[in-house]
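> Okay, handing you the structure first.
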Amino acid sequence: MGHVLIDQEGKPVFAASTGRMEWNHTGSWRYMRPRYENKLPPCTQGCPTHEKIPQYFAQVKRGDYRGAWEIILEDNPLPGVCGRVCYHPCEDVCNRGEFDERIAINALERFVADQNLDRRYPASFRQPSNGVNIAIVGSGPAGLSAAYQLARRGTAVTIFEAAAEPGGMLRLGIPEYRLPRHILDKEIHDIQSLGVEIRTGQRLGTDITLEDLQNRFDAVILALGAYRGRAVDLPGRHLKGVRSALDFLRELNTHQPVDLPERVTVIGGGNTAIDAARSARRLGADVTILYRRSRTEMPAVREEIEAALEEGIDLKECCTPVEVLGDESVRGLRWIKTRLGEPDDSGRRRPIPIPGSEAVLETGAVLLAIGELPELESLPALGTTGSRIAVNDHYQTNLEGVYACGDVADGPVGTVVDAIATGKATALAVLHSLLDQKPAANQPPVVTYDQINLDYFRHQSRPALPHLDVRDAVQSFTEVNQTLSPDTAEQEAVRCFSCGTCIECDLCLIYCPDVAITRGSNGVPYVINYDFCKGCGVCVEECPREAMTFEEELSCTN
Amino acid sequence: MSQIPVSVPAQEIMGSGHVACPGCGAAMAMRNALKVLGPKTVVVIPACCWSVIDGPTPHSVVGVPVIHTAFETAAITATGVRAGLRARGEEDVNVMAWAGDGGTFDIGFQSLSGAAERNEDIIYVCYDNEAYMNTGIQRSSATPWGAWTTTTPVNNPKSRPKKNIVDALAAHHIPYIATASVAYPEDLVKKFERAKSIRGMRFIHILSPCPPGWKSVPEQSIRISRLAVKSRVFPLFEVLDGWKYRLTQDPEPVPVNEYLRLQGRFRHLTPEAIDQIQQDVDSRWNQLQQRIASSF
């Protein structure tokens with residue numbers, strides 16, 4: 001302090017303090033200790049693959065789309081696919097939904113993928129060989145995800161695919177208006193760029209055998225999917241024109257000629273039913289969907305049901321078929337109204353036919369979409385749960401070195417993201433078993449809505465997602481939904497609470513009464529100086545997103 | 001921006017190692033005030049918490065020259081510092097008197113009133129923790145109606161309303177008066193910037209949460225300060241030239257009990273007493289609105 005008057009002997013002329021107070025380590029007062037600790041956002045927990053959503057949003061905000069993509073790729077090699085077809089359970093649990101409207105996570109995932117269509121994986125994705133050689137049967141989402149996770153860790157992977165082209169249900173089941181094939185091809189090429197070899201036209205039991213694969217590889221992952229339509233006990237089911245909806249989609253998606261009558265009825269309420277109905281609509285048919293429960297019980301993605309209705313598809317809720325009518329070919333369908341009774345084993349309310357409510361629907365085709373099961377005839381030695389391959393918590397079957405994931409295995413089935421998630425988990429389990437590579441440690445707690453400090457947020461609505469006009473949409477198989485603009489994507493990423501994930505908003509630093517928080521370096525946002533932190537906890541309390549933890553001070557010294 | 005952004009100047013004048021209690025609002029207030037005023041500032045501190053917080057001689061945490069002075073003399077000492085600086089030709093130095101509510105509302109009021117009437121060129125800041133906290137939580141004329149202090153126990157809590165210091169200062173027709181809150185640091189910083197740009201007497205009244213005196217938990221100091229503003233117990237506004245009123249923050253209002261219930265000093269209040277406080281707050285808010293409406 002240069003204002004102290006000095007006399008001729010160099011002494012101050014009056015008492016003046018010239019020393020600071022940094023000698024006084026007030027940290028010794030502390031009995032509670034704050035620290036930075038990111039928590040688990042509900043979206044990340046809700047995503048079966050546990051994509052790090054707030055983390056990649058942070059890159060979107062910065063305009064670093066490659067960085068965002070690489071964060072998604074840690075957990076999911078198919079963001080372009082998932083950004084289009086995922087049923088986004090992440091959004092169902094979004095904390096922002098309780099405040100105003102849930103974040104458009106699925107649309108942002110797609111945005112990130114679409115910004116990277118011309119990019120390839122970074123060089124760091126190619127690791128030196130770990131000496132392990134794995135065979136995967138099936139190149140659907142489960143097989144591709146497992147192959148990707150293995151290859152990124154230096155594993156040699158060969159995929160055996162029965163169809164002529166890789167992709168499994170993504171290519172054979174999902175129509176092009178939801179998933180353009182250049183997106184799928186790009187993401188499969190990326191996986192192949194890691195050295196994953198995909199041999200097409202190789203059907204298990206015909207072209208290859210499980211024993212052969214067991215002999216030639218260190219482990220075998222079965223990811224065959226589920227392609228056989230569930231059997232149905234419906235009089236008239238053998239008439240010409242009654243068929244599996246999935247077979248219809250498969251013919252359509254492999255560009256075989258499809259002959260469809262003017263009036264088509266689809267039976268079922270899942271995504272296959274909606275896909276078949278909307279595809280038939282695009283081929284010019286008048287389409288009716290018959291579902292035995294109400295619309296709220298339909299397992300299909302909500303937005304898909306809404307789109308189907310907008311496209312003029314007739315949805316008959318609480319209706320179940322009784323008999324297919326016709327001599328050789330289908331002429332009509334007798335159906336009956338149902339009411340919903342008590343919940344059944346699946347937790348959904350059981351439909352009960354209402355006597356005397358029968359009616360007849362005129363139709364030239366009946367497409368059955370009441371679920372698909374795997375074909376396990378070529379795998380007699382495997383233990384099953386009846387319809388699917390039995391696996392333990394580590395995705396191991398009863399056969400040594402043979403694993404199973406995706407729809408062929410018991411567990412969460414029927415969606416792309418669940419297949420990707422089990423594929424990833426299986427890959428990690430295989431490496432754990434062969435190389436003792438341990439999966440990641442315990443997860444931190446999940447951030448709940450009441451832990452968000454709402455004083456720092458203002459209401460803002462979710463953006464409308466761009467899509468084709470319905471009149472144009474039903475004319476062709478052009479993709480219906482479109483990509484968000486960069487501006488909208490950025491705004492939506494900013495709208496995210498970023499639950500449990502520090503976004504460097506500076507509030508902790510600004511409020512600290514003890515000037516004990518400074519900015520960090522090398523990716524560490526802030527540093528707490530425990531020499532001075534008195535443990536008041538204002539930083540923890542004010543953190544808008546629960547990215548700090550306050551806990552008892554257990555050390556006597558700093 | 002979805003999250004309301006908050007930013008304050010990066011420069012740190014005040015240091016660490018001070019002896020304010022954990023969660024002290026007065027420490028937060030000083031830190032942000034000095035971020036604006038900068039190193040060319042002299043601080044005058046009468047008897048108050050900050051006499052202690054600053055540290056023992058020969059040490060000081062403030063980072064600029066500080067003059068510790070007697071209880072009743074903050075304003076007049078600052079006046080003298082300004083006169084001395086002027087005599088030395090130093091016109092670019094900020095002179096800030098920094099006093100608690102005791103030294104402002106009660107003991108220092110005479111010298112404050114004199115300096116205000118003469119329109120002395122100083123910034124006078126009252127960090128108001130609503131009692132004599134440093135000496136053992138005795139009531140001051142800033143203690144709100146109904147509050148517990150050691151001299152207004154719960155069976156006989158304070159029976160007189162808080163003195164309206166802003167009205168008292170406005171009656172002196174000084175160029176600039178503002179209320180500020182540590183929970184709104186950006187607003188607080190703007191007010192110090194405005195004060196810095198004006199010559200003459202400037203008065204800034206900062207509500208300063210005191211965990212030991214308010215019987216609140218330290219981590220809630222900011223939350224409580226924010227609720228004081230949201231409940232309109234402590235509205236954030238400016239008064240120019242003693243009559244032009246302008247509101248600077250107008251958040252979605254909450255009932256006063258949201259503010260009161262986090263503080264042990266109000267825990268004894270009956271529902272009727274809380275209703276009474278709500279009515280008083282509402283009528284003062286209406287009065288403020290009328291003044292704002294007739295200001296411009």
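Letters A, B, ... go to the chains of the structure tokens in the order shown; residues in each chain start at 1; ligands are counted from 1 in the same order.
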Which of region 277-495 of chain A counts as alpha helix (DSSP H) under DSSP, as a PyMOL selection string please?
chain A and resi 277-282+302-310+416-435+470-473+486-495
> Can you spit out the residues from that selection as a CSV table (one decimal), in the first residue's frame, using N, CA and C atoms?

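This went into result.csv:
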chain,number,residue,atom,x,y,z
A,277,ALA,N,-48.3,-49.6,-41.6
A,277,ALA,CA,-49.5,-48.8,-42.0
A,277,ALA,C,-49.1,-47.6,-42.8
A,278,ARG,N,-48.1,-46.9,-42.3
A,278,ARG,CA,-47.6,-45.7,-43.0
A,278,ARG,C,-47.0,-46.0,-44.3
A,279,SER,N,-46.3,-47.2,-44.4
A,279,SER,CA,-45.7,-47.6,-45.7
A,279,SER,C,-46.9,-47.9,-46.7
A,280,ALA,N,-47.9,-48.7,-46.2
A,280,ALA,CA,-49.0,-49.0,-47.1
A,280,ALA,C,-49.7,-47.8,-47.6
A,281,ARG,N,-49.8,-46.8,-46.7
A,281,ARG,CA,-50.5,-45.5,-47.1
A,281,ARG,C,-49.7,-44.9,-48.2
A,282,ARG,N,-48.4,-45.0,-48.1
A,282,ARG,CA,-47.5,-44.4,-49.2
A,282,ARG,C,-47.6,-45.1,-50.5
A,302,ARG,N,-44.9,-42.4,-29.6
A,302,ARG,CA,-46.1,-41.5,-29.6
A,302,ARG,C,-46.2,-40.6,-30.8
A,303,GLU,N,-45.0,-40.0,-31.2
A,303,GLU,CA,-45.0,-39.2,-32.4
A,303,GLU,C,-45.3,-39.9,-33.6
A,304,GLU,N,-44.9,-41.2,-33.7
A,304,GLU,CA,-45.2,-42.0,-34.9
A,304,GLU,C,-46.7,-42.3,-35.0
A,305,ILE,N,-47.4,-42.5,-33.8
A,305,ILE,CA,-48.8,-42.7,-33.9
A,305,ILE,C,-49.5,-41.4,-34.3
A,306,GLU,N,-49.1,-40.3,-33.8
A,306,GLU,CA,-49.7,-39.0,-34.2
A,306,GLU,C,-49.5,-38.8,-35.7
A,307,ALA,N,-48.3,-39.1,-36.2
A,307,ALA,CA,-48.0,-38.9,-37.6
A,307,ALA,C,-48.9,-39.8,-38.5
A,308,ALA,N,-49.1,-41.0,-38.0
A,308,ALA,CA,-49.9,-41.9,-38.8
A,308,ALA,C,-51.4,-41.4,-38.9
A,309,LEU,N,-51.9,-40.9,-37.8
A,309,LEU,CA,-53.2,-40.3,-37.8
A,309,LEU,C,-53.3,-39.1,-38.7
A,310,GLU,N,-52.3,-38.3,-38.6
A,310,GLU,CA,-52.2,-37.1,-39.5
A,310,GLU,C,-52.2,-37.5,-41.0
A,416,VAL,N,-34.5,-50.2,-30.9
A,416,VAL,CA,-33.2,-50.1,-31.4
A,416,VAL,C,-32.2,-49.8,-30.3
A,417,VAL,N,-32.6,-48.8,-29.4
A,417,VAL,CA,-31.6,-48.3,-28.4
A,417,VAL,C,-31.4,-49.4,-27.4
A,418,ASP,N,-32.4,-50.2,-27.1
A,418,ASP,CA,-32.1,-51.3,-26.1
A,418,ASP,C,-31.1,-52.3,-26.8
A,419,ALA,N,-31.3,-52.6,-28.1
A,419,ALA,CA,-30.3,-53.5,-28.8
A,419,ALA,C,-28.9,-52.9,-28.7
A,420,ILE,N,-28.8,-51.6,-29.0
A,420,ILE,CA,-27.5,-50.9,-28.9
A,420,ILE,C,-26.9,-51.0,-27.5
A,421,ALA,N,-27.8,-50.8,-26.5
A,421,ALA,CA,-27.3,-50.9,-25.1
A,421,ALA,C,-26.8,-52.3,-24.8
A,422,THR,N,-27.6,-53.3,-25.1
A,422,THR,CA,-27.2,-54.6,-24.7
A,422,THR,C,-25.9,-55.0,-25.5
A,423,GLY,N,-25.8,-54.6,-26.8
A,423,GLY,CA,-24.6,-54.9,-27.6
A,423,GLY,C,-23.4,-54.3,-26.9
A,424,LYS,N,-23.5,-53.0,-26.5
A,424,LYS,CA,-22.4,-52.4,-25.8
A,424,LYS,C,-22.0,-53.2,-24.5
A,425,ALA,N,-23.1,-53.5,-23.7
A,425,ALA,CA,-22.8,-54.2,-22.4
A,425,ALA,C,-22.2,-55.5,-22.7
A,426,THR,N,-22.6,-56.2,-23.7
A,426,THR,CA,-22.1,-57.5,-24.0
A,426,THR,C,-20.6,-57.4,-24.4
A,427,ALA,N,-20.3,-56.4,-25.3
A,427,ALA,CA,-18.9,-56.2,-25.7
A,427,ALA,C,-18.0,-56.0,-24.4
A,428,LEU,N,-18.5,-55.2,-23.5
A,428,LEU,CA,-17.7,-54.9,-22.3
A,428,LEU,C,-17.6,-56.2,-21.4
A,429,ALA,N,-18.7,-56.9,-21.4
A,429,ALA,CA,-18.6,-58.2,-20.6
A,429,ALA,C,-17.7,-59.2,-21.2
A,430,VAL,N,-17.6,-59.2,-22.5
A,430,VAL,CA,-16.7,-60.2,-23.2
A,430,VAL,C,-15.2,-59.8,-22.9
A,431,LEU,N,-15.0,-58.5,-23.0
A,431,LEU,CA,-13.6,-58.0,-22.7
A,431,LEU,C,-13.2,-58.2,-21.2
A,432,HIS,N,-14.2,-58.0,-20.4
A,432,HIS,CA,-14.0,-58.2,-18.9
A,432,HIS,C,-13.6,-59.7,-18.7
A,433,SER,N,-14.3,-60.6,-19.4
A,433,SER,CA,-14.1,-62.0,-19.2
A,433,SER,C,-12.7,-62.4,-19.8
A,434,LEU,N,-12.4,-61.9,-21.0
A,434,LEU,CA,-11.2,-62.4,-21.6
A,434,LEU,C,-10.0,-61.6,-21.2
A,435,LEU,N,-10.1,-60.3,-20.9
A,435,LEU,CA,-8.9,-59.5,-20.6
A,435,LEU,C,-8.9,-58.9,-19.2
A,470,VAL,N,-47.8,-32.9,-44.5
A,470,VAL,CA,-48.4,-34.3,-44.6
A,470,VAL,C,-48.8,-34.6,-46.0
A,471,ARG,N,-49.3,-33.6,-46.7
A,471,ARG,CA,-49.8,-33.9,-48.1
A,471,ARG,C,-48.6,-34.4,-49.0
A,472,ASP,N,-47.4,-33.8,-48.8
A,472,ASP,CA,-46.3,-34.3,-49.5
A,472,ASP,C,-45.7,-35.6,-49.0
A,473,ALA,N,-45.8,-35.7,-47.6
A,473,ALA,CA,-45.2,-36.9,-47.0
A,473,ALA,C,-45.8,-38.2,-47.5
A,486,PRO,N,-29.0,-24.9,-37.0
A,486,PRO,CA,-28.0,-24.7,-36.0
A,486,PRO,C,-28.5,-23.8,-34.9
A,487,ASP,N,-29.2,-22.7,-35.2
A,487,ASP,CA,-29.6,-21.8,-34.2
A,487,ASP,C,-30.6,-22.4,-33.2
A,488,THR,N,-31.6,-23.1,-33.8
A,488,THR,CA,-32.5,-23.8,-32.9
A,488,THR,C,-31.9,-24.8,-32.0
A,489,ALA,N,-30.9,-25.6,-32.6
A,489,ALA,CA,-30.2,-26.6,-31.8
A,489,ALA,C,-29.5,-26.0,-30.7
A,490,GLU,N,-28.8,-24.8,-31.0
A,490,GLU,CA,-28.1,-24.2,-29.9
A,490,GLU,C,-29.0,-23.7,-28.8
A,491,GLN,N,-30.1,-23.1,-29.2
A,491,GLN,CA,-31.1,-22.6,-28.2
A,491,GLN,C,-31.6,-23.7,-27.3
A,492,GLU,N,-31.8,-24.8,-28.0
A,492,GLU,CA,-32.4,-25.9,-27.2
A,492,GLU,C,-31.3,-26.5,-26.3
A,493,ALA,N,-30.1,-26.5,-26.7
A,493,ALA,CA,-29.0,-27.0,-25.8
A,493,ALA,C,-28.8,-26.0,-24.7
A,494,VAL,N,-29.0,-24.8,-24.9
A,494,VAL,CA,-28.9,-23.8,-23.9
A,494,VAL,C,-30.0,-23.9,-22.9
A,495,ARG,N,-31.2,-24.3,-23.4
A,495,ARG,CA,-32.4,-24.4,-22.5
A,495,ARG,C,-32.3,-25.5,-21.5
> For chain A, list the residues within 10 Å of chain B, counting only C-alpha atoms, and write the list as a ChimeraX atom specification.
/A:1-4,15-27,29-30,453-460,491-497,505-507,510-516,529,531-542,544
> For Gly205 (chain A), list every protein, DNA or RNA residue within 9 Å, evaluated using only C-alpha atoms, and leave out those in the same chain fewer than 5 positions away; present the list as a PyMOL selection string.
chain A and resi 210+377-379
> Could you list, as an NGL selection string, every residue within 12 Å of Asn94 (chain B), counting only C-alpha atoms and ignoring same-chain residues fewer than 4 positions away?
:B and (33-34 or 36-44 or 64-65 or 78-79 or 81-82 or 85-86 or 90 or 121-124 or 192-193 or 195-202)
> Would you list the contacts of region 219-236 of chain A as an MDAnalysis selection string, taking every protein, DNA or RNA residue within 6 Å and counting only C-alpha atoms, but skipping same-chain residues closer than 4 positions in sequence?
chainID A and resid 134:138 142:143 244 323:324 371:374 401:408
> Out of B:Ser216, B:Asn129, B:Asn257, B:Gln138, which residue has the shortest atom-to-atom distance to Arg232 (chain B) when counting only C-alpha atoms?
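Between B:Ser216, B:Asn129, B:Asn257, B:Gln138, the residue approaching Arg232 (chain B) most closely is B:Asn257.
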